[in-house]
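The block underneath contains the structure these notes are about, expressed in structure tokens.
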Amino acid sequence: MFNSIEEVQSAMEGAQYITDRPMATLLYLSLKLGKPILVEGEAGVGKTEIAKVLAEILETKLIRLQCYEGLDVNTSLYEWNYPKQILWMKQAEICESPQQALVKEIFSPEFLIQRPLLEAIQSDSPKPPVLLIDEIDRSDEEFEAFLLEVLSDFQITIPEIGTLRATKRPLVIITSNRTREIHDALKRRCLYHWIDYPSFEKEYRILLTKVPAINHALAQQICSFMQQVRGRDFFKKPGIAETLDWANALIHLHREHLDRPSVEETLGCILKHFEDIKKMREADLESCLGPLGS
Amino acid sequence: MIHQESGLLSHLLLFSKALREKKVGVTTDNVIDALRGIPFIDLRKKSDFYQLLKSNFVSKKEEIALFDDLFEAFWSFENKTNLFPEVLSPEEEETSQEIEEAGSPALSERIEISFGDLREKEPEGHEADLEESLRYSAEEILAQKEFGRLETGELEKVKEFVLALTRRMAIRLSRRWERGRKGDRLDLRKALRKSIKYGGEILELPAKDPKTKPLRLIFICDVSGSMDIYSQFFLLFMYGLQHYYAHCETFVFSTRLSHATIFLKRKDFDEALRLLSTRALDWSGGTNIGLSLHQFHQHHSHLLSPQRTILIIFSDGWDRGDTTLLDSEIRSLKKQVKKVIWLNPLSGSPNYQPLCRGMATALPYLDHFLPCHSFSSLKSLDHLMARI
């Protein structure tokens with residue numbers, strides 16, 4: 001475990017996640033206070049990555065719960081393995097084993113299918129796992145209410161077995177793309193952090209770390225181009241994920257610097273909306289390239 | 001040790017009170033957590049202290065700017081070093097050393113004690129009730145008022161109501177329905193439960209239906225000149241609903257149709273409106289309902305489903321176009337959707353009769369025909385949706 005904010009920051013950078021002090025402070029506080037983190041931000045700014053890196057530097061397991069509409073208790077927490085129970089009962093009947101013992105048997109943990117939340121609570125590894133609840137804004141409001149219950153005391157009651165309590169509180173990271181607002185009650189349980197698009201310097205460092213094959217001049221051009229694009233009016237502004245994709249694409253195409261044709265060829269890496277691409281081609285490309293284009 | 005009387009604790013309480021006055025909802029638990037975090041950060045670093053408070057007190061992006069301003073004003077160390085006497089003055093560095101040495105348990109115990117009293121004293125009931133009742137009666141009066149007659153100050157209030165309504169409505173819409181009797185998949189969970197009464201013999205095979213898919217709402221909104229004031233409110237309503245409920249699509253039309261969903265997905269409503277008026281065609285021009293519905297039918301028929309699509313048209317029905325086209329379009333649309341609802345801002349007036357050509361043509365095909373001129377009429381739409 002870490003003893004200072006600096007240690008967290010350097011460990012994260014060691015795991016190739018370029019971060020700033022506020023983010024490191026947040027993670028450190030979450031570790032010390034045992035509070036979940038709610039990270040919001042535009043798509044592709046590295047929200048999910050935080051959980052992965054955290055699991056890596058803490059050398060622990062990452063348990064991921066991807067949210068979607070209609071996600072319910074059976075798919076997020078636990079479910080009895082009904083076919084197995086039925087088979088077991090049939091077999092017991094043939095062998096004429098005593099009824100009382102049978103009931104106990106079929107409702108034992110052996111017949112329980114663990115879903116991510118239960119897995120996080122039941123984890124018996126020496127270090128607490130990292131639980132990533134990804135894109136919570138996609139789930140229904142009922143699920144949010146249920147999650148609130150689980151996160152407040154990290155215990156789950158299964159009627160047939162009893163109450164299961166987490167021996168070690170998992171580190172919880174919740175991400176949201178803000179397609180809808182998360183309920184206040186859940187937010188108030190968490191440490192909140194908004195990740196913005198990176199500054200030029202930060203993005204440049206990320207690019208050099210993640211795509212070591214890139215030459216520095218191209219990296220600089222890419223980053224300043226991205227800063228320009230994000231300052232304009234597009235439906236979907238590109239995140240860091242797009243920058244990295246684009247850099248890789250340019251390397252594979254053996255481009256040494258940015259110019260109009262190479263940007264036009266690879267626009268699909270950064271803009272994912274037909275209207276945006278059209279607007280870029282027709283109006284913004286020259287000015288985004290600026291002095292680079294000539 | 002931190003002194004409750006003079007130091008950090010009281011200032012933190014004042015700070016959280018100031019935040020609450022600015023409508024940033026800081027709870028007592030948030031304050032306690034912030035205090036619990038203090039032993040782990042370096043109090044001499046303002047940025048760490050800032051991050052500690054921010055992550056605990058802020059819970060929306062919109063609150064960040066507000067928090068930043070207040071933080072600067074409240075904790076500006078240059079002007080008010082006395083806020084932090086035991087921590088900030090260099091002579092007293094020893095004190096902060098002491099804090100570190102004292103460690104967290106002692107500190108948190110003290111905080112716990114002082115907050116123990118605080119929790120009990122907090123006047124939760126009365127103020128909240130009073131506020132609620134004031135809010136309620138104000139809402140009642142404003143709700144009846146026609147959108148066109150609202151004054152500048154009232155506009156903002158009604159906008160808030162509209163957004164709150166969309167949230168409630170979205171919750172209702174996304175609720176799932178009960179399991180049906182028919183179906184093609186076995187419900188093993190139920191089968192096992194039922195088998196118990198036959199001594200473990202599975203005699204009944206309960207089936208389960210796939211989960212009912214949520215309703216899809218399609219709004220087609222008239223933005224022609226005669227609708228100006230009303231359509232803004234209706235767009236706000238759709239903006240809010242789209243924010244909370246994923247299954248709706250918005251189109252706007254005057255002489256032609258354009259797809260507005262993506263514009264309304266913007267975080268800020270005014271920006272969405274600006275984009276919509278610059279990029280959507282013919283904003284506040286003439287009206288051609290028939291042609292617009294025809295375009296909708298042609299390009300977006302994949303959105304239609306007789307089981308789950310509700311088509312909601314918002315228009316006054318003043319149509320310059322061809323009514324035979326309107327007639328044929330609305331007739332065939334009617335067959336492809338679950339319900340057709342027409343909202344008309346003019347029908348709020350007591351002596352309104354749907355006589356104008358467009359309205360008279362469409363009327364026979366409608367499932368519901370509702371007024372839509374004030375907040376309370378938007379509410380009745382919510383009630384109607386609950387029954388569908």
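Quick note on naming: the chains in the structure tokens go A, B, ... in the order shown, residues restart at 1 in each chain, and ligands are numbered from 1 in order of appearance.
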
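Using only C-alpha atoms, the residues found no farther than 8 Å from segment 252-267 of chain A, other than those of its own chain fewer than 2 positions away, are Asn215, Ala217, Leu218, Gln221, Ile222, Trp246, Asn248, Ala249, Leu250, Cys269, Ile270, Leu271, Ile277, Arg281, Leu285, Glu286, Leu289, Leu292, Gly293 and Ser294 of chain A.
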
Write a file of the just-selected residues containing C-alpha atoms, as a tab-separated table (two decimals), in the first residue's frame.
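Dumped everything to result.tsv:
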```
chain	number	residue	atom	x	y	z
A	215	ASN	CA	8.95	10.50	-33.79
A	217	ALA	CA	7.95	16.00	-34.44
A	218	LEU	CA	4.94	13.97	-35.56
A	221	GLN	CA	1.94	17.89	-34.72
A	222	ILE	CA	-0.69	15.35	-33.76
A	246	TRP	CA	-4.55	7.92	-35.08
A	248	ASN	CA	-0.67	4.22	-34.69
A	249	ALA	CA	-2.46	4.50	-38.01
A	250	LEU	CA	-0.07	7.19	-39.23
A	269	CYS	CA	-9.61	7.58	-36.80
A	270	ILE	CA	-10.48	10.83	-35.08
A	271	LEU	CA	-14.01	11.74	-36.11
A	277	ILE	CA	-16.14	14.41	-41.13
A	281	ARG	CA	-13.28	18.32	-44.89
A	285	LEU	CA	-9.19	21.16	-42.02
A	286	GLU	CA	-6.96	23.97	-43.24
A	289	LEU	CA	-3.60	22.20	-39.63
A	292	LEU	CA	1.59	22.62	-40.30
A	293	GLY	CA	-0.28	22.18	-43.55
A	294	SER	CA	1.94	24.29	-45.70
```

Near chain B, meaning an atom within 7 Å, which residues of chain A appear when counting only C-alpha atoms? Write them as a PyMOL selection string.
chain A and resi 22+25+29+33+82+179-181+187-188+191-194

Take the residues from that selection and write them out as a short mmCIF file (atom, residue, chain, number, x, y, z; two decimals), in the first residue's frame, keeping N, CA and C atoms.
```cif
data_model
loop_
_atom_site.label_atom_id
_atom_site.label_comp_id
_atom_site.auth_asym_id
_atom_site.auth_seq_id
_atom_site.Cartn_x
_atom_site.Cartn_y
_atom_site.Cartn_z
N PRO A 22 -3.85 16.00 -8.89
CA PRO A 22 -5.23 15.85 -8.40
C PRO A 22 -5.76 14.41 -8.51
N THR A 25 -4.05 12.29 -5.95
CA THR A 25 -4.61 12.61 -4.63
C THR A 25 -5.93 11.87 -4.43
N LEU A 29 -6.69 9.14 -1.59
CA LEU A 29 -7.77 9.35 -0.61
C LEU A 29 -8.76 8.19 -0.64
N LEU A 33 -9.57 6.30 2.63
CA LEU A 33 -10.89 6.50 3.24
C LEU A 33 -11.85 5.34 2.93
N TYR A 82 -29.87 -23.24 -11.54
CA TYR A 82 -31.09 -24.05 -11.50
C TYR A 82 -30.96 -25.41 -12.19
N THR A 179 -24.55 10.17 -20.19
CA THR A 179 -25.66 10.19 -21.12
C THR A 179 -26.94 10.46 -20.33
N ARG A 180 -26.90 10.18 -19.04
CA ARG A 180 -27.98 10.66 -18.17
C ARG A 180 -27.36 10.96 -16.80
N GLU A 181 -28.06 11.73 -16.00
CA GLU A 181 -27.52 12.09 -14.68
C GLU A 181 -27.61 10.90 -13.72
N LYS A 187 -24.05 9.55 -5.95
CA LYS A 187 -22.92 10.46 -6.12
C LYS A 187 -22.32 10.87 -4.78
N ARG A 188 -23.21 11.12 -3.82
CA ARG A 188 -22.74 11.61 -2.53
C ARG A 188 -21.93 10.55 -1.77
N LEU A 191 -16.26 9.73 -4.08
CA LEU A 191 -15.39 10.86 -4.37
C LEU A 191 -15.57 11.15 -5.85
N TYR A 192 -15.79 12.42 -6.16
CA TYR A 192 -16.13 12.76 -7.53
C TYR A 192 -14.92 13.32 -8.27
N HIS A 193 -14.79 12.92 -9.52
CA HIS A 193 -13.72 13.51 -10.33
C HIS A 193 -14.17 13.65 -11.77
N TRP A 194 -13.91 14.82 -12.33
CA TRP A 194 -14.23 15.06 -13.74
C TRP A 194 -12.92 15.06 -14.51
#
```

Just give me the gap between atom CA of Glu69 of chain A and atom CA of Pro306 of chain B in Å, one decimal is fine.
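For atom CA of Glu69 of chain A relative to atom CA of Pro306 of chain B, the distance reads 21.8 Å.
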
Taken to one decimal, the atom CA of Glu329 of chain B-atom CA of Leu257 of chain B distance is 14.0 Å

For Glu144 of chain A: contacts at 8 Å, only C-alpha atoms, fewer than 5 positions along chain excluded, given as a ChimeraX atom specification
/A:136,139,183,186

Atom CA of Glu49 of chain A and atom CA of Thr175 of chain A are how many Å apart?
10.3 Å

Run DSSP on the backbone and give me the residues of segment 91-174 of chain A it puts in strand (DSSP E), as a VMD selection string.
chain A and resid 112 to 114 130 to 134 155 to 158 162 to 165 171 to 174

Please return as an MDAnalysis selection string: the residues of segment 90-271 of chain A that backbone DSSP assigns to alpha helix (DSSP H).
chainID A and resid 90:95 99:106 116:122 141:153 184:188 200:210 216:230 240:252 260:270

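Remark: for Pro126 of chain A, the closest of the candidate residues A:Leu58, A:Leu244, A:Val211, A:Ala15 is A:Leu58 (distances computed over only C-alpha atoms).
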
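Checking A:Asp184, A:Glu96, A:Asp245, A:Glu79 one by one against Glu141 of chain A, counting only C-alpha atoms, you find the shortest gap at A:Asp184.
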
Would you kindly return, as a list in words, each protein, DNA or RNA residue with an atom no farther than 8 Å from any atom of segment 220-232 of chain B, considering only C-alpha atoms and excluding same-chain residues fewer than 2 positions away?
Phe147, Gly148, Ile218, Phe234, Leu235, Leu236, Thr250, Phe251, Val252, Phe253, Ser254, Thr255, Asp282, Trp283, Ser284, Gly285, Gly286, Thr287, Leu311, Ile312, Ile313, Phe314, Ser315, Asp316, Pro345 and His373 of chain B

So which residues touch Cys190 of chain A within 6 Å, counting only C-alpha atoms, skipping near sequence neighbours fewer than 3 positions away, as a ChimeraX atom specification?
/A:35-38,187

Determine, counting only C-alpha atoms, which protein, DNA and RNA residues have an atom within 8 Å of an atom of Gln85 of chain A; residues of the same chain fewer than 3 positions away are not included. Present the result as a ChimeraX atom specification.
/A:81-82,88-89,106,111
